[in-house]
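J.: Below is the file input-v5.txt, with compact mmCIF, C-alpha atoms.
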# COMPACT_ATOMS: atom_id res chain seq x y z
CA MET A 1 -29.68 20.28 -17.55
CA THR A 2 -32.81 18.66 -16.19
CA THR A 3 -35.61 18.04 -18.64
CA ALA A 4 -38.93 19.18 -17.25
CA PRO A 5 -41.98 16.91 -17.48
CA SER A 6 -44.43 17.57 -20.29
CA HIS A 7 -47.07 18.50 -17.69
CA PRO A 8 -45.13 20.22 -14.88
CA HIS A 9 -46.08 19.04 -11.41
CA PRO A 10 -46.36 21.40 -8.48
CA ALA A 11 -43.39 21.22 -6.14
CA ARG A 12 -43.76 18.19 -3.88
CA PRO A 13 -42.62 18.44 -0.26
CA GLY A 14 -41.59 14.80 0.14
CA PRO A 15 -38.34 12.94 -0.51
CA ARG A 16 -36.51 13.30 -3.81
CA ILE A 17 -36.14 9.79 -5.26
CA GLY A 18 -33.93 9.00 -8.24
CA VAL A 19 -34.73 6.07 -10.54
CA LEU A 20 -31.90 4.70 -12.69
CA GLY A 21 -32.37 2.07 -15.39
CA SER A 22 -32.41 1.30 -19.10
CA TYR A 23 -35.20 3.77 -19.77
CA GLY A 24 -35.93 5.94 -22.78
CA GLY A 25 -38.12 3.93 -25.16
CA PHE A 26 -35.58 1.36 -26.31
CA ASN A 27 -37.47 -1.68 -25.02
CA THR A 28 -41.17 -2.16 -24.21
CA GLY A 29 -40.37 -4.39 -21.26
CA ASP A 30 -38.12 -1.77 -19.67
CA GLU A 31 -40.80 0.88 -20.17
CA ALA A 32 -43.31 -1.42 -18.48
CA ILE A 33 -40.92 -1.76 -15.55
CA LEU A 34 -40.51 2.00 -15.25
CA THR A 35 -44.29 2.47 -15.31
CA CYS A 36 -44.64 0.02 -12.42
CA VAL A 37 -41.69 1.36 -10.40
CA LEU A 38 -43.01 4.93 -10.60
CA SER A 39 -46.50 3.72 -9.68
CA CYS A 40 -45.07 1.92 -6.66
CA LEU A 41 -43.07 4.92 -5.47
CA ARG A 42 -46.05 7.22 -5.92
CA ALA A 43 -48.24 4.80 -3.93
CA GLN A 44 -45.67 4.59 -1.13
CA ARG A 45 -45.00 8.33 -0.97
CA PRO A 46 -47.54 10.46 -2.84
CA ASP A 47 -45.55 13.56 -1.88
CA ALA A 48 -42.27 12.28 -3.34
CA ARG A 49 -40.45 14.08 -6.14
CA LEU A 50 -39.56 11.35 -8.66
CA VAL A 51 -36.42 11.94 -10.74
CA VAL A 52 -35.88 9.52 -13.63
CA MET A 53 -32.40 9.14 -15.08
CA SER A 54 -33.08 8.29 -18.69
CA ARG A 55 -31.08 7.29 -21.77
CA ASN A 56 -33.57 9.34 -23.82
CA ALA A 57 -35.00 12.12 -21.69
CA GLU A 58 -37.38 13.37 -24.37
CA HIS A 59 -39.09 9.97 -24.65
CA THR A 60 -39.36 9.54 -20.89
CA ARG A 61 -40.72 13.06 -20.46
CA ALA A 62 -43.42 12.39 -23.07
CA HIS A 63 -44.46 8.91 -21.92
CA HIS A 64 -44.16 8.90 -18.11
CA PRO A 65 -46.20 11.70 -16.55
CA ASP A 66 -45.48 10.31 -13.06
CA ALA A 67 -41.91 11.54 -13.43
CA ASP A 68 -41.45 14.97 -11.86
CA GLU A 69 -38.00 15.44 -13.38
CA VAL A 70 -36.08 13.65 -16.13
CA VAL A 71 -32.30 13.75 -16.20
CA PRO A 72 -30.41 12.54 -19.29
CA TRP A 73 -27.41 10.38 -18.40
CA GLU A 74 -26.13 9.29 -21.83
CA GLY A 75 -24.41 11.75 -24.17
CA VAL A 76 -23.93 14.31 -21.40
CA SER A 77 -20.98 15.21 -19.21
CA ARG A 78 -20.41 13.04 -16.16
CA ASN A 79 -20.46 16.10 -13.93
CA HIS A 80 -23.96 16.93 -15.12
CA VAL A 81 -25.27 13.63 -13.77
CA LEU A 82 -23.18 13.72 -10.60
CA ASP A 83 -24.59 17.14 -9.75
CA VAL A 84 -28.04 15.56 -9.42
CA LEU A 85 -27.03 12.93 -6.86
CA PRO A 86 -26.44 15.00 -3.69
CA GLY A 87 -30.03 16.27 -3.77
CA LEU A 88 -31.51 12.76 -3.67
CA ASP A 89 -32.94 11.11 -0.57
CA LEU A 90 -32.86 7.67 -2.25
CA LEU A 91 -31.49 6.23 -5.49
CA VAL A 92 -33.43 3.29 -6.91
CA LEU A 93 -31.49 1.05 -9.31
CA GLY A 94 -33.68 -0.83 -11.76
CA GLY A 95 -35.61 -2.79 -12.21
CA GLY A 96 -34.87 -5.06 -15.10
CA GLY A 97 -31.88 -6.93 -16.45
CA ILE A 98 -29.11 -4.32 -16.24
CA LEU A 99 -26.35 -6.16 -14.41
CA TYR A 100 -24.61 -7.93 -17.28
CA ASP A 101 -21.27 -7.73 -19.06
CA GLY A 102 -20.49 -4.29 -20.44
CA GLU A 103 -23.49 -2.61 -18.81
CA ALA A 104 -23.26 -3.37 -15.08
CA ARG A 105 -20.20 -1.16 -14.59
CA ARG A 106 -21.95 1.83 -16.25
CA TYR A 107 -24.93 1.75 -13.92
CA LEU A 108 -22.93 0.90 -10.83
CA ARG A 109 -20.54 3.85 -11.27
CA LEU A 110 -23.53 6.11 -10.65
CA VAL A 111 -24.68 4.00 -7.70
CA ARG A 112 -21.19 4.18 -6.19
CA ALA A 113 -21.12 7.93 -6.75
CA ALA A 114 -24.44 8.22 -4.89
CA GLN A 115 -23.12 6.08 -2.03
CA SER A 116 -20.01 8.26 -1.76
CA ARG A 117 -22.37 11.22 -1.27
CA SER A 118 -24.25 9.38 1.52
CA VAL A 119 -27.34 8.75 -0.63
CA PRO A 120 -29.16 5.51 0.33
CA THR A 121 -29.48 3.03 -2.55
CA PHE A 122 -32.01 0.28 -3.33
CA ALA A 123 -31.80 -2.43 -6.03
CA TYR A 124 -35.37 -2.81 -7.34
CA ALA A 125 -35.90 -6.38 -8.61
CA VAL A 126 -32.89 -6.26 -10.91
CA GLY A 127 -31.73 -9.05 -13.19
CA ALA A 128 -28.12 -10.20 -13.27
CA GLY A 129 -26.03 -12.14 -15.78
CA PRO A 130 -24.14 -13.05 -17.74
CA LEU A 131 -21.22 -11.65 -15.73
CA THR A 132 -17.85 -12.87 -16.93
CA GLU A 133 -15.85 -9.65 -17.36
CA ALA A 134 -13.60 -8.78 -14.42
CA GLU A 135 -14.58 -5.10 -14.23
CA ASP A 136 -18.28 -5.85 -14.14
CA ARG A 137 -17.87 -8.62 -11.58
CA GLU A 138 -15.84 -6.36 -9.32
CA ALA A 139 -18.39 -3.55 -9.60
CA VAL A 140 -21.26 -5.89 -8.75
CA ARG A 141 -19.39 -7.48 -5.85
CA THR A 142 -18.36 -4.20 -4.22
CA VAL A 143 -21.19 -1.76 -5.00
CA LEU A 144 -24.10 -4.10 -4.22
CA ALA A 145 -22.43 -5.01 -0.92
CA ASP A 146 -22.93 -1.39 0.21
CA MET A 147 -26.52 -0.96 -0.97
CA ASP A 148 -29.22 -0.55 1.67
CA ASP A 149 -31.28 -3.41 0.20
CA VAL A 150 -30.79 -5.70 -2.80
CA VAL A 151 -33.79 -7.33 -4.46
CA VAL A 152 -33.49 -9.46 -7.61
CA ARG A 153 -36.30 -10.64 -9.85
CA ASP A 154 -35.41 -14.33 -10.14
CA GLU A 155 -33.40 -17.13 -8.60
CA GLU A 156 -31.04 -17.18 -11.58
CA SER A 157 -29.95 -13.62 -10.73
CA ARG A 158 -29.37 -14.51 -7.09
CA LEU A 159 -27.13 -17.40 -8.14
CA VAL A 160 -25.16 -15.12 -10.49
CA LEU A 161 -24.55 -12.64 -7.66
CA GLU A 162 -23.48 -15.46 -5.38
CA GLU A 163 -21.10 -16.77 -8.04
CA VAL A 164 -19.35 -13.39 -8.46
CA GLY A 165 -18.70 -13.34 -4.72
CA LEU A 166 -21.36 -11.01 -3.34
CA GLU A 167 -21.61 -11.68 0.38
CA ARG A 168 -24.84 -10.23 1.67
CA GLU A 169 -28.54 -11.02 1.93
CA VAL A 170 -30.31 -10.89 -1.42
CA THR A 171 -34.10 -11.11 -1.68
CA VAL A 172 -35.75 -12.84 -4.65
CA THR A 173 -39.13 -11.46 -5.73
CA ALA A 174 -40.38 -11.16 -9.35
CA ASP A 175 -40.31 -8.83 -12.33
CA PRO A 176 -41.90 -5.42 -11.62
CA ALA A 177 -43.87 -5.57 -14.91
CA LEU A 178 -46.11 -8.23 -13.35
CA LEU A 179 -47.99 -5.30 -11.79
CA LEU A 180 -48.70 -3.58 -15.11
CA GLY A 181 -52.34 -2.85 -15.96
CA PRO A 182 -53.77 -3.23 -19.50
CA GLU A 183 -54.92 -0.39 -21.72
CA PRO A 184 -57.49 -0.88 -24.49
CA PHE A 185 -56.39 -2.20 -27.87
CA THR A 186 -59.51 -1.56 -29.90
CA GLU A 187 -60.98 -3.18 -32.99
CA THR A 188 -60.14 0.00 -34.89
CA MET A 189 -56.50 -0.40 -33.86
CA MET A 190 -56.64 -4.04 -34.98
CA ARG A 191 -58.00 -3.10 -38.39
CA ASP A 192 -55.39 -0.36 -38.77
CA GLU A 193 -52.74 -3.05 -38.29
CA GLY A 194 -54.39 -5.31 -40.87
CA ILE A 195 -55.26 -7.90 -38.23
CA PRO A 196 -58.60 -9.69 -38.73
CA VAL A 197 -61.06 -9.16 -35.87
CA GLY A 198 -62.62 -12.34 -34.55
CA ALA A 199 -60.03 -14.69 -36.06
CA ARG A 200 -57.81 -16.95 -34.03
CA LEU A 201 -54.54 -15.17 -33.34
CA VAL A 202 -51.13 -16.54 -32.44
CA GLY A 203 -48.68 -14.04 -30.93
CA MET A 204 -44.97 -14.52 -31.51
CA SER A 205 -41.88 -12.76 -30.20
CA VAL A 206 -38.41 -12.96 -31.73
CA ARG A 207 -35.24 -11.05 -30.87
CA GLU A 208 -31.74 -10.33 -32.10
CA PRO A 209 -28.86 -12.34 -30.63
CA GLY A 210 -27.14 -9.39 -28.90
CA ARG A 211 -25.03 -9.61 -25.76
CA ALA A 212 -27.80 -11.27 -23.77
CA ALA A 213 -28.22 -14.07 -26.32
CA GLU A 214 -24.89 -14.46 -28.06
CA LYS A 215 -25.24 -18.21 -28.63
CA LEU A 216 -28.32 -17.89 -30.82
CA ASP A 217 -27.84 -18.94 -34.43
CA GLU A 218 -30.01 -16.58 -36.48
CA ALA A 219 -30.66 -18.90 -39.43
CA ASP A 220 -31.54 -21.74 -37.07
CA TYR A 221 -34.08 -19.95 -34.95
CA HIS A 222 -35.64 -18.02 -37.85
CA ALA A 223 -36.37 -21.32 -39.60
CA LEU A 224 -37.47 -22.97 -36.34
CA LEU A 225 -39.98 -20.24 -35.53
CA ALA A 226 -41.25 -20.27 -39.11
CA ASP A 227 -41.95 -23.99 -38.67
CA VAL A 228 -43.85 -23.25 -35.45
CA ALA A 229 -45.82 -20.42 -37.08
CA ASP A 230 -46.79 -22.56 -40.08
CA PHE A 231 -47.80 -25.40 -37.78
CA LEU A 232 -50.10 -23.15 -35.76
CA VAL A 233 -51.59 -21.60 -38.90
CA ARG A 234 -52.56 -25.10 -40.08
CA ARG A 235 -53.45 -26.57 -36.68
CA LEU A 236 -55.65 -23.70 -35.50
CA ASP A 237 -56.60 -21.99 -38.77
CA ALA A 238 -54.96 -18.95 -37.21
CA HIS A 239 -53.19 -15.75 -38.13
CA VAL A 240 -49.75 -15.05 -36.65
CA VAL A 241 -48.90 -11.62 -35.23
CA PHE A 242 -45.31 -10.71 -34.35
CA LEU A 243 -44.96 -8.28 -31.44
CA PRO A 244 -41.65 -6.38 -31.58
CA MET A 245 -40.59 -5.49 -28.06
CA GLU A 246 -37.77 -3.32 -29.38
CA ARG A 247 -36.93 -1.96 -32.82
CA HIS A 248 -34.36 -4.64 -33.73
CA ASP A 249 -37.06 -7.30 -33.37
CA VAL A 250 -38.78 -6.06 -36.54
CA ARG A 251 -35.98 -7.27 -38.81
CA HIS A 252 -36.03 -10.71 -37.21
CA ALA A 253 -39.82 -10.91 -37.50
CA HIS A 254 -39.47 -10.22 -41.24
CA ALA A 255 -36.83 -12.95 -41.43
CA VAL A 256 -39.18 -15.49 -39.83
CA LEU A 257 -41.97 -14.43 -42.19
CA SER A 258 -39.66 -14.98 -45.15
CA HIS A 259 -39.17 -18.61 -44.07
CA MET A 260 -42.89 -19.33 -43.64
CA THR A 261 -44.83 -21.31 -46.21
CA ALA A 262 -47.90 -19.21 -45.34
CA PRO A 263 -46.50 -15.66 -44.99
CA ASP A 264 -49.87 -14.22 -46.04
CA LYS A 265 -51.13 -15.36 -42.63
CA GLY A 266 -48.53 -13.29 -40.79
CA ARG A 267 -48.49 -9.68 -39.62
CA ILE A 268 -46.01 -7.54 -37.71
CA LEU A 269 -47.34 -5.02 -35.21
CA HIS A 270 -45.96 -1.70 -36.48
CA GLY A 271 -47.59 1.00 -34.35
CA ASP A 272 -45.93 2.87 -31.50
CA TYR A 273 -47.79 1.54 -28.46
CA SER A 274 -47.45 1.97 -24.73
CA PRO A 275 -46.64 -1.09 -22.61
CA GLY A 276 -50.24 -1.09 -21.38
CA GLN A 277 -51.53 -1.14 -24.95
CA VAL A 278 -49.22 -4.03 -25.86
CA LEU A 279 -50.53 -5.84 -22.80
CA GLY A 280 -54.05 -4.99 -23.98
CA PHE A 281 -53.28 -6.49 -27.38
CA THR A 282 -52.19 -9.80 -25.87
CA ARG A 283 -55.75 -10.22 -24.55
CA HIS A 284 -56.81 -10.78 -28.18
CA LEU A 285 -54.44 -13.75 -28.57
CA ASP A 286 -55.33 -17.43 -28.38
CA VAL A 287 -51.76 -18.73 -28.11
CA ALA A 288 -48.36 -17.10 -27.56
CA VAL A 289 -44.90 -18.41 -28.39
CA GLY A 290 -41.93 -16.21 -27.76
CA MET A 291 -38.42 -15.36 -26.74
CA ARG A 292 -38.70 -11.94 -25.09
CA LEU A 293 -39.27 -12.20 -21.34
CA HIS A 294 -41.84 -9.41 -21.18
CA PHE A 295 -43.80 -10.76 -24.11
CA VAL A 296 -44.12 -14.00 -22.13
CA ILE A 297 -45.08 -12.03 -19.00
CA PHE A 298 -47.73 -10.03 -20.89
CA ALA A 299 -49.27 -13.19 -22.38
CA ALA A 300 -49.36 -14.88 -18.98
CA LEU A 301 -50.93 -11.78 -17.38
CA SER A 302 -53.64 -11.94 -20.04
CA GLY A 303 -54.39 -15.59 -19.33
CA VAL A 304 -53.11 -16.77 -22.71
CA PRO A 305 -51.48 -20.20 -23.08
CA VAL A 306 -47.83 -19.32 -23.63
CA LEU A 307 -44.75 -21.30 -24.59
CA PRO A 308 -41.53 -19.50 -23.60
CA LEU A 309 -38.45 -20.09 -25.76
CA PRO A 310 -35.60 -19.76 -23.26
CA TYR A 311 -32.57 -18.11 -24.84
CA SER A 312 -31.26 -17.10 -21.40
CA GLY A 313 -31.59 -17.90 -17.74
CA LYS A 314 -34.18 -15.21 -17.04
CA VAL A 315 -36.65 -16.72 -19.52
CA PHE A 316 -35.95 -20.25 -18.30
CA ASP A 317 -36.52 -19.14 -14.71
CA PHE A 318 -39.84 -17.49 -15.53
CA ALA A 319 -40.95 -20.54 -17.54
CA ARG A 320 -40.23 -22.73 -14.53
CA ARG A 321 -42.16 -20.46 -12.17
CA LEU A 322 -45.03 -20.36 -14.67
CA GLY A 323 -45.14 -24.15 -14.91
CA ALA A 324 -44.49 -23.95 -18.65
CA PRO A 325 -42.40 -26.57 -20.49
CA ALA A 326 -38.76 -26.09 -19.54
CA LEU A 327 -37.16 -26.21 -22.97
CA VAL A 328 -33.40 -25.82 -22.93
CA GLY A 329 -32.78 -23.53 -25.86
CA VAL A 330 -33.76 -22.37 -29.33
CA ALA A 331 -32.19 -24.61 -31.99
CA ARG A 332 -33.41 -26.16 -35.25
CA GLU A 333 -32.83 -29.72 -34.09
CA GLN A 334 -35.49 -29.13 -31.44
CA ALA A 335 -38.23 -28.52 -34.02
CA GLY A 336 -40.05 -31.80 -33.37
CA LEU A 337 -39.98 -31.34 -29.61
CA LEU A 338 -41.12 -27.76 -29.88
CA LEU A 339 -44.05 -28.56 -32.18
CA ALA A 340 -45.11 -31.35 -29.84
CA GLU A 341 -45.02 -28.95 -26.87
CA VAL A 342 -47.08 -26.35 -28.74
CA ASP A 343 -49.65 -29.00 -29.64
CA ARG A 344 -49.81 -30.28 -26.08
CA MET A 345 -50.05 -26.76 -24.66
CA TRP A 346 -53.13 -26.07 -26.81
CA ASP A 347 -54.80 -29.35 -25.86
CA GLU A 348 -54.08 -29.11 -22.14
CA TYR A 349 -54.76 -25.41 -21.62
CA PRO A 350 -58.42 -25.75 -20.56
CA ARG A 351 -57.26 -28.00 -17.71
CA ARG A 352 -54.33 -25.72 -16.83
CA ARG A 353 -56.13 -22.38 -16.70
CA ASP A 354 -56.73 -22.43 -12.95
CA ASP A 355 -53.14 -23.45 -12.26
CA LEU A 356 -51.82 -20.66 -14.49
CA ARG A 357 -54.00 -18.10 -12.74
CA SER A 358 -52.84 -19.32 -9.30
CA ARG A 359 -49.18 -19.11 -10.33
CA MET A 360 -49.64 -15.63 -11.75
CA ARG A 361 -51.23 -14.43 -8.52
CA LYS A 362 -48.20 -15.70 -6.59
CA LEU A 363 -45.81 -14.05 -9.03
CA SER A 364 -47.68 -10.75 -8.86
CA ALA A 365 -47.65 -10.94 -5.07
CA ALA A 366 -43.89 -11.48 -5.22
CA ALA A 367 -43.53 -8.43 -7.48
CA ARG A 368 -45.58 -6.42 -4.99
CA GLU A 369 -43.17 -7.45 -2.23
CA THR A 370 -40.42 -5.39 -3.89
CA CYS A 371 -42.65 -2.34 -3.68
CA VAL A 372 -43.34 -3.02 -0.02
CA ARG A 373 -39.63 -3.43 0.77
CA CYS A 374 -38.87 -0.14 -0.97
CA GLY A 375 -41.64 1.49 1.04
CA SER A 376 -40.16 0.11 4.25
CA LEU A 377 -36.81 1.66 3.39
CA LEU A 378 -38.50 4.98 2.67
CA ASP A 379 -40.27 4.75 6.02
CA ALA A 380 -36.97 4.13 7.77
CA LEU A 381 -35.49 7.21 6.09
CA ARG A 382 -38.09 9.65 7.34
CA GLU A 383 -38.99 10.69 10.84
CA GLY A 384 -42.08 9.00 12.22
CA GLY A 385 -41.90 6.21 9.55
CA GLY A 386 -44.77 4.54 7.80
CA THR A 387 -47.92 5.88 6.23
CA GLU A 388 -50.62 7.52 8.30
CA ASP A 389 -51.86 4.13 9.47
CA GLY A 390 -48.32 2.81 9.96
CA THR A 391 -48.36 0.42 7.02
CA ALA A 392 -46.91 0.52 3.52
CA ALA A 393 -49.34 1.07 0.67
CA GLU A 394 -49.51 -1.80 -1.83
CA ALA A 395 -50.03 -1.58 -5.56
CA GLU A 396 -52.66 -4.02 -6.76
CA PRO A 397 -51.57 -6.45 -9.47
CA TYR A 398 -53.47 -7.04 -12.67
CA VAL A 399 -54.20 -10.67 -13.45
CA ALA A 400 -56.74 -11.51 -16.13
CA GLU A 401 -59.78 -13.64 -15.52
CA PRO A 402 -59.48 -17.06 -17.14
CA ARG A 403 -60.32 -16.55 -20.81
CA PRO A 404 -62.23 -18.94 -23.05
CA LEU A 405 -60.48 -20.26 -26.13
CA HIS A 406 -61.98 -19.05 -29.39
CA ALA A 407 -64.23 -21.67 -30.85
Now, as a test, write the supplied structure out as structure tokens.
T.:
Amino acid sequence: MTTAPSHPHPARPGPRIGVLGSYGGFNTGDEAILTCVLSCLRAQRPDARLVVMSRNAEHTRAHHPDADEVVPWEGVSRNHVLDVLPGLDLLVLGGGGILYDGEARRYLRLVRAAQSRSVPTFAYAVGAGPLTEAEDREAVRTVLADMDDVVVRDEESRLVLEEVGLEREVTVTADPALLLGPEPFTETMMRDEGIPVGARLVGMSVREPGRAAEKLDEADYHALLADVADFLVRRLDAHVVFLPMERHDVRHAHAVLSHMTAPDKGRILHGDYSPGQVLGFTRHLDVAVGMRLHFVIFAALSGVPVLPLPYSGKVFDFARRLGAPALVGVAREQAGLLLAEVDRMWDEYPRRRDDLRSRMRKLSAAARETCVRCGSLLDALREGGGTEDGTAAEAEPYVAEPRPLHA
């Protein structure tokens, strides 16, 4: 069964485009990606009928009004999903980090099924790795070889695909969430969260080890981040706010708080917020230190000095492109180095603001290139091609104006 949108759209005469990814409210970063992918597709083809394949159809239906149809693809029969594919004019895979051990094969079975039904397929700034399991490597090597275009979000992903033996052109752009726009996070919302208005605020992001970060030692990084939080509380006379990007992050935020010597200066954001609202909240921050990729992206979009803590290649790659310190992991023995980098980041930020803004403009332009490439494929799939003026519409990125540091 197809789940209808909460506000039914009139029938659209254009192409029927499927969007497949890790969608359904499990991760704020993935929801930000879906917001931007749907916005891109709508900009390229306003008449398109957008069909989202979601892990939680009810959530997607409620939170993404740009979706014309929502099709559940977890907890339903395989035939139910396969029945949707023949009616598509294009299947978009991604974006986001979905090509990794244990997950890649699940997504790529649907892509292969679409290809066997002569449906064109497009990889939308996906992330890849780690890929060590034979079944996932084989799926990536064979299915991506037959896609109409493959775009990855970082150089690390391109290298992973090369290592598994994929022999085709792969374009590197940037994460789709770099085109997300902010929504207001008001003073009333701040007070409801118990966060002081007008105080210096440090944003922090922690995560569970999980399959994407299996080498993390929980006790080590909880204590390490508590050291960083306490240091910033003392150094800046600040309050620390933990931003959970998915529900498992809350437990780890509590664990870091329990290690702090000043836990009264810490808060965990508890409300259910849209990606745009989370982005809006980061505009209240003075400093950000974090592990989650999209937390780092949101802070950088807001013009906040940010120190990424690379637990995986995707975070390391973004840190490098951002010009941030290229730390090599998250371990307790790095406490001294990490505190020194935080201190230096704060001191040097006024001189680095223009460089950060320039880098973010380039990254947003790279993210926009994915949208343009998808539009070009859509043009090639329809008679006449192109928009009315023969060019692909471009979504404008949001990049904050340089922000002053709180006195």
J.: What residues have an atom no more than 7 Å from (-31.9, -14.9, -16.0) in the file's own frame, counting all atoms listed in the file, and can you write them as number ranges by chain?
T.: A: 127-129, 154, 156-157, 312-315, 317
J.: Would you output that residue set with C-alpha atoms, as a PDB file, keeping the file's coordinate frame?
T.:
ATOM      1  CA  GLY A 127     -31.730  -9.050 -13.190  1.00  0.00           C
ATOM      2  CA  ALA A 128     -28.120 -10.200 -13.270  1.00  0.00           C
ATOM      3  CA  GLY A 129     -26.030 -12.140 -15.780  1.00  0.00           C
ATOM      4  CA  ASP A 154     -35.410 -14.330 -10.140  1.00  0.00           C
ATOM      5  CA  GLU A 156     -31.040 -17.180 -11.580  1.00  0.00           C
ATOM      6  CA  SER A 157     -29.950 -13.620 -10.730  1.00  0.00           C
ATOM      7  CA  SER A 312     -31.260 -17.100 -21.400  1.00  0.00           C
ATOM      8  CA  GLY A 313     -31.590 -17.900 -17.740  1.00  0.00           C
ATOM      9  CA  LYS A 314     -34.180 -15.210 -17.040  1.00  0.00           C
ATOM     10  CA  VAL A 315     -36.650 -16.720 -19.520  1.00  0.00           C
ATOM     11  CA  ASP A 317     -36.520 -19.140 -14.710  1.00  0.00           C
TER      12      ASP A 317
END
J.: Counting all atoms listed in the file, figure out which residue out of A:Asp192, A:Asp237, A:Glu341, A:Asp217 gets nearest to Ile268 in chain A.
T.: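 Distance minimum relative to Ile268 in chain A lands on A:Asp192.
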J.: I want to know what sits within 9 Å of Val164 in chain A, based on all atoms listed in the file, with residues of the same chain fewer than 6 positions away left out; could you give that as a list in words?
T.: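 The neighbour list is Leu131, Thr132, Arg137, Glu138, Val140 and Arg141 of chain A.
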J.: Taking into account only C-alpha atoms, which residue in the set A:Asp227, A:Glu74, A:Asp83, A:Glu135 is nearest to Leu338 in chain A?
T.: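 For Leu338 in chain A, the nearest of the given residues is A:Asp227.
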J.: Please indicate the distance in Å from CA of Arg109 in chain A to CA of Leu20 in chain A, rounded to one decimal place.
T.: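 Atom-to-atom, CA of Arg109 in chain A to CA of Leu20 in chain A, that is 11.5 Å.
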J.: Tell me which protein, DNA and RNA residues are within 10 Å of Leu178 in chain A, counting only C-alpha atoms, leaving out same-chain ones fewer than 3 positions away, and put them as an mmCIF file with C-alpha atoms, keeping the file's coordinate frame.
T.:
data_model
loop_
_atom_site.group_PDB
_atom_site.id
_atom_site.type_symbol
_atom_site.label_atom_id
_atom_site.label_comp_id
_atom_site.auth_asym_id
_atom_site.auth_seq_id
_atom_site.Cartn_x
_atom_site.Cartn_y
_atom_site.Cartn_z
ATOM 1 C CA ALA A 32 -43.310 -1.420 -18.480
ATOM 2 C CA ILE A 33 -40.920 -1.760 -15.550
ATOM 3 C CA CYS A 36 -44.640 0.020 -12.420
ATOM 4 C CA ALA A 174 -40.380 -11.160 -9.350
ATOM 5 C CA ASP A 175 -40.310 -8.830 -12.330
ATOM 6 C CA GLY A 181 -52.340 -2.850 -15.960
ATOM 7 C CA HIS A 294 -41.840 -9.410 -21.180
ATOM 8 C CA ILE A 297 -45.080 -12.030 -19.000
ATOM 9 C CA PHE A 298 -47.730 -10.030 -20.890
ATOM 10 C CA ALA A 300 -49.360 -14.880 -18.980
ATOM 11 C CA LEU A 301 -50.930 -11.780 -17.380
ATOM 12 C CA MET A 360 -49.640 -15.630 -11.750
ATOM 13 C CA ARG A 361 -51.230 -14.430 -8.520
ATOM 14 C CA LEU A 363 -45.810 -14.050 -9.030
ATOM 15 C CA SER A 364 -47.680 -10.750 -8.860
ATOM 16 C CA ALA A 365 -47.650 -10.940 -5.070
ATOM 17 C CA ALA A 366 -43.890 -11.480 -5.220
ATOM 18 C CA ALA A 367 -43.530 -8.430 -7.480
ATOM 19 C CA ARG A 368 -45.580 -6.420 -4.990
ATOM 20 C CA PRO A 397 -51.570 -6.450 -9.470
ATOM 21 C CA TYR A 398 -53.470 -7.040 -12.670
ATOM 22 C CA VAL A 399 -54.200 -10.670 -13.450
#
J.: Residues within 9 Å of Leu356 in chain A, please, as a ChimeraX atom specification. Count all atoms listed in the file; anything in the same chain fewer than 3 positions from it doesn't count.
T.: /A:300,303,305,322-323,352-353,359-361,402
J.: Just to confirm, what's the straight-line distance from CA of Arg158 in chain A to CA of Phe295 in chain A in Å (one decimal)?
T.: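 Separation between CA of Arg158 in chain A and CA of Phe295 in chain A: 22.6 Å.
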J.: Neighbours of Val289 in chain A within 12 Å (only C-alpha atoms; same-chain residues fewer than 4 positions away dropped), as a VMD selection string?
T.: chain A and resid 201 to 206 224 to 226 228 to 229 232 240 to 243 282 285 293 to 300 304 to 310 319 324 to 325 330 338 to 339 341 to 343 345 to 346
J.: Write out as a ChimeraX atom specification each polymer residue whose atoms come within 7 Å of range 195-200 of chain A, counting only C-alpha atoms; drop sequence neighbours fewer than 4 positions from it.
T.: /A:187,190-191,238-239,286,406
J.: If you keep C-alpha atoms, can you produce a file of those selected residues as a tab-separated table (two decimals), keeping the file's coordinate frame?
T.:
chain	number	residue	atom	x	y	z
A	187	GLU	CA	-60.98	-3.18	-32.99
A	190	MET	CA	-56.64	-4.04	-34.98
A	191	ARG	CA	-58.00	-3.10	-38.39
A	238	ALA	CA	-54.96	-18.95	-37.21
A	239	HIS	CA	-53.19	-15.75	-38.13
A	286	ASP	CA	-55.33	-17.43	-28.38
A	406	HIS	CA	-61.98	-19.05	-29.39
J.: With distances taken over only C-alpha atoms, which residue among A:Asp355, A:Phe318, A:Leu41, A:Ala114 lies nearest Arg292 in chain A?
T.: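 Closest to Arg292 in chain A, using only C-alpha atoms: A:Phe318.
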J.: Of the candidates A:Asn79, A:Ser302, A:Thr370, A:Ser376, which shows the shortest atom-to-atom distance to Val152 in chain A, using only C-alpha atoms?
T.: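 Answer, going by the shortest atom-to-atom distance: A:Thr370.
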J.: So, with only C-alpha atoms as the atoms that count, which of A:Gly14, A:Ile98, A:Leu34, A:Val250 lies closest to Asp379 in chain A?
T.: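 Looking at the shortest contact to Asp379 in chain A, the residue is A:Gly14.
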J.: May I have the protein, DNA and RNA residues with any atom at most 6 Å from the point (-38.4, -6.6, -28.2), counting only C-alpha atoms, written as a list of chain:residue names?
T.: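 Every residue inside that radius is included here: A:Asn27, A:Pro244, A:Met245, A:Glu246, A:Asp249.
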